[in-house]
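Peer 1: Take a look at this one; I'll ask things after.
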Amino acid sequence: MGESTIKKTGGLADVVAGDSAICTCGIAGKGLQYRGYEIHDLAKEAVFEEVAWLLLREELPRRQELEQYRQRLRALREIPAGLKTALELIPGETQPMDVLRTGCSLLGNFEPEFSAADPLRTADRLLASFSSMLLYWYHFHHSGKRISLVTDEKTLAGNFFYLLNGKKPSPDHEHCLDVSLILYAEHEFNASTFTARTITSTRSDFYSAVTGAIGALRGPLHGGANEAAMALIQQYSDTEEVEKGIREKLANKELIMGFGHRVYTISDPRSDIIKGWAKKISVGHQNQHFYPIAERIEKVMWAEKKIFPNLDFYSALVYHYCGIPTELFTPLFVISRISGWAAHIIEQRKNNKLIRPTSHYIGPEPRKYIPLAAR
Ligand code: COA
C-alpha cells in the first residue's frame with residue numbers, strides 16, 4: 001500500500017472495522033441501543049437474562065421462553081470436578097481476572113467445542129458458570145470452604161450474591177446488580193469484543209476467543225477501570241480533599257480512572273442510570289460519604305477537563321455498597337459481557353473474513369546484513 005493511501009489513526013480511533021447488528025454506540029440520534037432497544041428502557045424494564053437472550057437470539061424472549069431460559073442457566077451452573085481441582089491449585093493471591101481467564105480456558109479442555117457444536121450452548125454455559133468458577137476459587141482460598149454451586153436463586157445476580165455471601169441478597173442489591181449487568185452486557189467494537197472477533201476470524205474456537213477477550217478486559221484502560229475508580233474514591237475522606245487532590249493529579253498528568261471514553265464525547269449514557277442506584281443504596285451505609293466524594297470528583301473533572309464519568313465510575317460505588325470485594329468488580333464485568341462477546345462471536349462466524357489489518361512502517365531503511373563475526 002502506498003504511503004499516501006494510509007490513514008494514520010492512533011488506536012484505530014474513528015475506524016469503522018466491520019458491520020454489526022448488535023449494538024449502536026455513540027451514533028447521533030440513536031444513543032446506546034441493544035438490537036434496537038434503548039438502554040434506558042432495558043435498564044428500567046428488563047432483567048439481565050432477558051437482555052442476554054436478546055443479544056444472543058436477536059429478539060426479546062416471550063414470558064415462557066424467559067422462564068425456561070432462567071431454568072436452563074440454573075442447570076448449567078455446576079462445573080466439572082476437574083475444574084474445581086484446578087481452581088484449588090491456583091494460588092489464593094492470584095488476580096481474580098486471571099482466575100476467570102484460566103477457568104474459561106480450562107472449561108474449553110473439559111468441554112471442548114466441536115465443529116458441529118451449537119455456539120449458543122457454549123455461550124449459555126459460560127454465562128451460567130463464570131460466577132461458579134470465580135466464587136468457588138474465591139471461597140476455597142479466602143474462607144477455606146468448598147462451596148456448593150447449587151442454589152435456588154432464579155437470577156444470575158441473586159446467584160452471584162448467594163455464592164458470595166451464603167445468603168439471599170436484599171431486593172435492592174439484587175435489583176441494582178441486575179441493572180449493572182444489563183449496562184455492562186454489550187458495547188460494540190470495544191477492545192475486548194474486537195479481540196474476541198479477531199480470534200474468531202481465524203476460525204479458532206469459542207473458548208479461545210473469550211479467553212483472549214478476558215485478557216483484554218483486564219487492563220485498567222478497559223474493564224479494570226472499575227477497580228481503579230474505587231481505589232481513587234477511597235483515597236479521600238472529604239470533598240475538600242477531592243478538590244485539591246484531583247487538581248494535583250491532573251497537574252501531574254495522571255489519568256483519573258473511570259473518566260473519559262473513546263467513543264462518547266459529552267457523556268456516557270449508562271453513567272446516570274448507575275449513578276442513581278449508587279445514590280439510592282448509599283443511604284445508611286457506613287461509607288455513605290463516598291457518594292458525595294464521587295460526585296465532587298465528577299464536578300472537578302468537568303470543571304477542569306470537560307471529562308465525564310464512564311460506566312465504571314459509579315458502578316464501582318454500587319458494587320462497594322453491595323458489599324462486593326473490590327477485586328471482584330472487573331470479574332463482574334466478565335460475568336455480564338460474556339453475553340455481548342458471545343453475540344459478536346456468533347455474528348463474526350456468520351459472515352467471516354479474517355481480520356488482518358496492515359501497519360504503517362516506521363523502521364530502518366534497507367541495510368546490509370552484518371555477519372555475526374563482524375559485529
Ligand atoms: N483522566 C485525565 N485525563 C484524561 C482522561 C482521564 N480519565 N481521559 C482522557 N484524558 C485526557 C488525555 O490525557 C488526553 O489529554 P491530552 O490531549 O492533553 O493528551 C485527552 O483527554 C484525550 O484522551 P485520550 O487518551 O487520547 O483518549 P482515548 O480515546 O485514547 O482514551 C480512555 C479513552 C477511556 C482510554 C481514557 O479516557 C482513559 O484512559 N480513561 C481512564 C480509564 C478508564 O476509565 N477506562 C474505562 C473506559 S470505559
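In the C-alpha cells, each chain is lettered A, B, ... as it comes, each chain's residues begin at 1, and ligands are numbered from 1 in order of appearance.
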Just want the 9 Å neighbourhood of Gly276 in chain A, counted on only C-alpha atoms, with same-chain residues fewer than 5 positions away dropped. Output as a list in words.
Peer 2: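 Neighbouring residues, sequence-local ones excluded: Ser271, Ile281 and Tyr314 of chain A.
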Peer 1: Could the residues in this selection be written to a file with N, CA and C atoms, as a tab-separated table (two decimals), in the first residue's frame?
Peer 2:
```tsv
chain	number	residue	atom	x	y	z
A	271	SER	N	-23.99	6.12	32.55
A	271	SER	CA	-23.49	6.61	33.85
A	271	SER	C	-24.60	7.10	34.78
A	281	ILE	N	-28.55	3.43	47.08
A	281	ILE	CA	-28.11	2.42	48.06
A	281	ILE	C	-27.00	2.91	48.97
A	314	TYR	N	-19.33	5.03	38.68
A	314	TYR	CA	-20.38	4.82	39.70
A	314	TYR	C	-20.72	3.34	39.89
```
Peer 1: Residues within 7 Å of ligand 1 should be enumerated using only C-alpha atoms and all ligand atoms and returned as a list in words.
Peer 2: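 Selection of residues at most 7 Å from ligand 1: Gly11, Pro220, Leu221, His222, Gly223, Ala225, Leu250, Lys253, Glu254, Leu255, Ile256, Met257, Gly258, Phe259, Gly260, His261, Arg262, Ile307, Asn310, Leu311 and Asp312 of chain A.
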Peer 1: Kindly indicate which residue among A:Val263, A:Leu66, A:Ala213, A:Val47 lies nearest to Asp14 in chain A, using only C-alpha atoms for the distances.
Peer 2: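 Smallest distance to Asp14 in chain A is found for A:Val263.
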Peer 1: Rank nothing, just name the residue among A:Leu126, A:Val283, A:Ile355, A:Ile233 nearest to Gly108 in chain A, using only C-alpha atoms.
Peer 2: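 When distances to Gly108 in chain A are compared using only C-alpha atoms, the smallest one comes from A:Leu126.
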Peer 1: Find the residues around Ala75 in chain A up to 9 Å (only C-alpha atoms counted), leave out those fewer than 4 positions away in its own chain, and share them as a ChimeraX atom specification.
Peer 2: /A:70-71,128,150
Peer 1: Could you write out the selected residues, including N, CA and C atoms, as a compact mmCIF listing (two decimals), in the first residue's frame?
Peer 2:
```txt
# COMPACT_ATOMS: atom_id res chain seq x y z
N ARG A 70 -34.12 -19.07 32.17
CA ARG A 70 -33.56 -18.97 33.52
C ARG A 70 -33.34 -20.36 34.12
N GLN A 71 -34.27 -21.25 33.87
CA GLN A 71 -34.10 -22.62 34.39
C GLN A 71 -32.91 -23.30 33.72
N ALA A 128 -23.60 -19.06 32.50
CA ALA A 128 -24.08 -19.65 33.75
C ALA A 128 -22.95 -19.99 34.71
N VAL A 150 -24.86 -25.21 43.84
CA VAL A 150 -26.29 -25.39 43.56
C VAL A 150 -27.06 -24.45 44.49
```
Peer 1: Could you check which of A:Ser148, A:Ser315, A:Ser339, A:Thr326 is closest to Leu55 in chain A, using only C-alpha atoms?
Peer 2: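 When distances to Leu55 in chain A are compared using only C-alpha atoms, the smallest one comes from A:Ser339.
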Peer 1: Tell me which protein, DNA and RNA residues are within 12 Å of Asp238 in chain A, counting only C-alpha atoms, leaving out same-chain ones fewer than 6 positions away, and put them as number ranges by chain.
Peer 2: A: 244-245, 287-297
Peer 1: So what do you get for CA of Val99 in chain A versus CA of Phe114 in chain A, distance-wise?
Peer 2: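 One can read the CA of Val99 in chain A to CA of Phe114 in chain A distance as 24.3 Å.
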Peer 1: Near Glu174 in chain A, counting only C-alpha atoms, which residues have an atom at most 10 Å away, once you skip same-chain residues fewer than 4 positions from it, shown as an MDAnalysis selection string?
Peer 2: chainID A and resid 155:161 168:170 178:180 322
Peer 1: Can I get the selected residues back with N, CA and C atoms, as a tab-separated table (two decimals), in the first residue's frame?
Peer 2:
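Result written to again.tsv:
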```
chain	number	residue	atom	x	y	z
A	155	THR	N	-32.14	-15.73	39.56
A	155	THR	CA	-31.44	-14.79	38.69
A	155	THR	C	-29.93	-14.96	38.82
A	156	LEU	N	-29.23	-14.52	37.79
A	156	LEU	CA	-27.77	-14.56	37.84
A	156	LEU	C	-27.25	-13.64	38.95
A	157	ALA	N	-27.91	-12.49	39.10
A	157	ALA	CA	-27.49	-11.54	40.14
A	157	ALA	C	-27.70	-12.15	41.53
A	158	GLY	N	-28.86	-12.74	41.75
A	158	GLY	CA	-29.16	-13.35	43.04
A	158	GLY	C	-28.20	-14.50	43.33
A	159	ASN	N	-27.88	-15.27	42.28
A	159	ASN	CA	-26.96	-16.40	42.45
A	159	ASN	C	-25.56	-15.91	42.81
A	160	PHE	N	-25.14	-14.81	42.17
A	160	PHE	CA	-23.81	-14.26	42.49
A	160	PHE	C	-23.74	-13.93	43.97
A	161	PHE	N	-24.75	-13.22	44.47
A	161	PHE	CA	-24.74	-12.84	45.89
A	161	PHE	C	-24.81	-14.07	46.80
A	168	LYS	N	-29.35	-14.99	50.78
A	168	LYS	CA	-30.05	-14.19	49.76
A	168	LYS	C	-29.70	-12.71	49.90
A	169	PRO	N	-29.57	-12.00	48.79
A	169	PRO	CA	-29.34	-10.55	48.89
A	169	PRO	C	-30.63	-9.81	49.19
A	170	SER	N	-30.50	-8.54	49.57
A	170	SER	CA	-31.71	-7.71	49.72
A	170	SER	C	-32.27	-7.47	48.31
A	178	ASP	N	-28.47	-6.49	38.99
A	178	ASP	CA	-29.09	-6.89	37.72
A	178	ASP	C	-29.01	-5.75	36.69
A	179	VAL	N	-29.31	-4.52	37.15
A	179	VAL	CA	-29.23	-3.36	36.24
A	179	VAL	C	-27.79	-3.18	35.76
A	180	SER	N	-26.86	-3.32	36.68
A	180	SER	CA	-25.46	-3.14	36.30
A	180	SER	C	-25.04	-4.18	35.26
A	322	CYS	N	-22.86	-2.68	47.76
A	322	CYS	CA	-23.48	-4.03	47.82
A	322	CYS	C	-22.61	-5.01	48.60
```
Peer 1: Between A:Pro371, A:Pro331, A:Gly219, A:Pro112, which one has atoms that come closest to Ser204 in chain A, using only C-alpha atoms?
Peer 2: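 Among the listed residues, the smallest separation from Ser204 in chain A belongs to A:Pro112.
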Peer 1: Name all residues at most 10 Å from Val334 in chain A (count only C-alpha atoms; drop same-chain ones fewer than 3 positions away) and give them as an NGL selection string.
Peer 2: :A and (97 or 100-101 or 126-127 or 130-131 or 181 or 184-185 or 210 or 213-214 or 217-218 or 223 or 329-331 or 337-341)
Peer 1: Write out, as a short mmCIF file (atom, residue, chain, number, x, y, z; two decimals), in the first residue's frame, the residues just selected, with N, CA, C and O atoms.
Peer 2:
```
data_model
loop_
_atom_site.label_atom_id
_atom_site.label_comp_id
_atom_site.auth_asym_id
_atom_site.auth_seq_id
_atom_site.Cartn_x
_atom_site.Cartn_y
_atom_site.Cartn_z
N MET A 97 -9.27 -11.86 37.85
CA MET A 97 -9.43 -11.87 36.38
C MET A 97 -8.58 -12.98 35.76
O MET A 97 -8.96 -13.59 34.76
N LEU A 100 -10.47 -16.22 36.11
CA LEU A 100 -11.51 -16.41 35.10
C LEU A 100 -10.90 -16.74 33.73
O LEU A 100 -11.43 -17.56 32.99
N ARG A 101 -9.79 -16.09 33.44
CA ARG A 101 -9.12 -16.36 32.15
C ARG A 101 -8.71 -17.84 32.09
O ARG A 101 -8.97 -18.52 31.10
N LEU A 126 -21.02 -20.63 29.51
CA LEU A 126 -20.10 -19.67 30.12
C LEU A 126 -20.88 -18.63 30.93
O LEU A 126 -20.47 -18.23 32.02
N LEU A 127 -22.01 -18.21 30.40
CA LEU A 127 -22.86 -17.23 31.10
C LEU A 127 -23.26 -17.79 32.48
O LEU A 127 -23.25 -17.07 33.48
N PHE A 130 -19.51 -18.69 34.92
CA PHE A 130 -18.41 -17.80 35.35
C PHE A 130 -18.51 -17.47 36.85
O PHE A 130 -17.50 -17.45 37.55
N SER A 131 -19.72 -17.19 37.35
CA SER A 131 -19.85 -16.89 38.79
C SER A 131 -19.41 -18.10 39.61
O SER A 131 -18.77 -17.94 40.66
N LEU A 181 -25.51 -5.41 35.42
CA LEU A 181 -25.19 -6.45 34.42
C LEU A 181 -25.78 -6.09 33.06
O LEU A 181 -25.15 -6.32 32.02
N TYR A 184 -23.53 -3.43 31.51
CA TYR A 184 -22.21 -3.92 31.11
C TYR A 184 -22.28 -4.94 29.96
O TYR A 184 -21.26 -5.37 29.44
N ALA A 185 -23.48 -5.36 29.57
CA ALA A 185 -23.62 -6.54 28.70
C ALA A 185 -22.98 -6.37 27.32
O ALA A 185 -22.45 -7.33 26.77
N VAL A 210 -13.04 -16.09 23.92
CA VAL A 210 -13.46 -15.50 25.21
C VAL A 210 -12.25 -15.35 26.14
O VAL A 210 -12.13 -14.34 26.86
N ALA A 213 -10.53 -12.31 25.12
CA ALA A 213 -11.32 -11.12 25.49
C ALA A 213 -11.15 -10.80 26.98
O ALA A 213 -11.04 -9.63 27.36
N ILE A 214 -11.10 -11.82 27.81
CA ILE A 214 -10.91 -11.58 29.25
C ILE A 214 -9.56 -10.90 29.48
O ILE A 214 -9.44 -9.96 30.26
N LEU A 217 -9.92 -7.30 28.58
CA LEU A 217 -10.77 -6.55 29.51
C LEU A 217 -10.05 -6.22 30.82
O LEU A 217 -10.36 -5.25 31.49
N ARG A 218 -9.09 -7.06 31.16
CA ARG A 218 -8.42 -6.96 32.45
C ARG A 218 -7.70 -5.62 32.67
O ARG A 218 -7.55 -5.14 33.78
N GLY A 223 -11.82 -2.71 31.24
CA GLY A 223 -12.65 -3.14 32.37
C GLY A 223 -12.03 -2.91 33.74
O GLY A 223 -12.75 -2.67 34.72
N PHE A 329 -14.78 -6.73 41.17
CA PHE A 329 -15.53 -5.79 40.31
C PHE A 329 -15.34 -6.11 38.82
O PHE A 329 -16.30 -6.16 38.06
N THR A 330 -14.07 -6.25 38.39
CA THR A 330 -13.85 -6.48 36.96
C THR A 330 -14.36 -7.87 36.54
O THR A 330 -14.95 -8.01 35.46
N PRO A 331 -14.18 -8.91 37.38
CA PRO A 331 -14.82 -10.19 37.04
C PRO A 331 -16.34 -10.08 36.83
O PRO A 331 -16.90 -10.77 35.98
N ARG A 337 -20.50 -9.33 30.39
CA ARG A 337 -20.09 -9.08 29.00
C ARG A 337 -19.97 -10.34 28.16
O ARG A 337 -19.97 -10.27 26.92
N ILE A 338 -19.91 -11.51 28.81
CA ILE A 338 -19.89 -12.74 28.02
C ILE A 338 -21.09 -12.78 27.06
O ILE A 338 -21.00 -13.30 25.96
N SER A 339 -22.20 -12.15 27.46
CA SER A 339 -23.38 -12.14 26.58
C SER A 339 -23.07 -11.36 25.29
O SER A 339 -23.38 -11.82 24.18
N GLY A 340 -22.44 -10.20 25.43
CA GLY A 340 -22.09 -9.41 24.24
C GLY A 340 -20.99 -10.07 23.43
O GLY A 340 -21.08 -10.15 22.20
N TRP A 341 -19.94 -10.56 24.12
CA TRP A 341 -18.85 -11.23 23.38
C TRP A 341 -19.42 -12.39 22.55
O TRP A 341 -19.07 -12.56 21.39
#
```
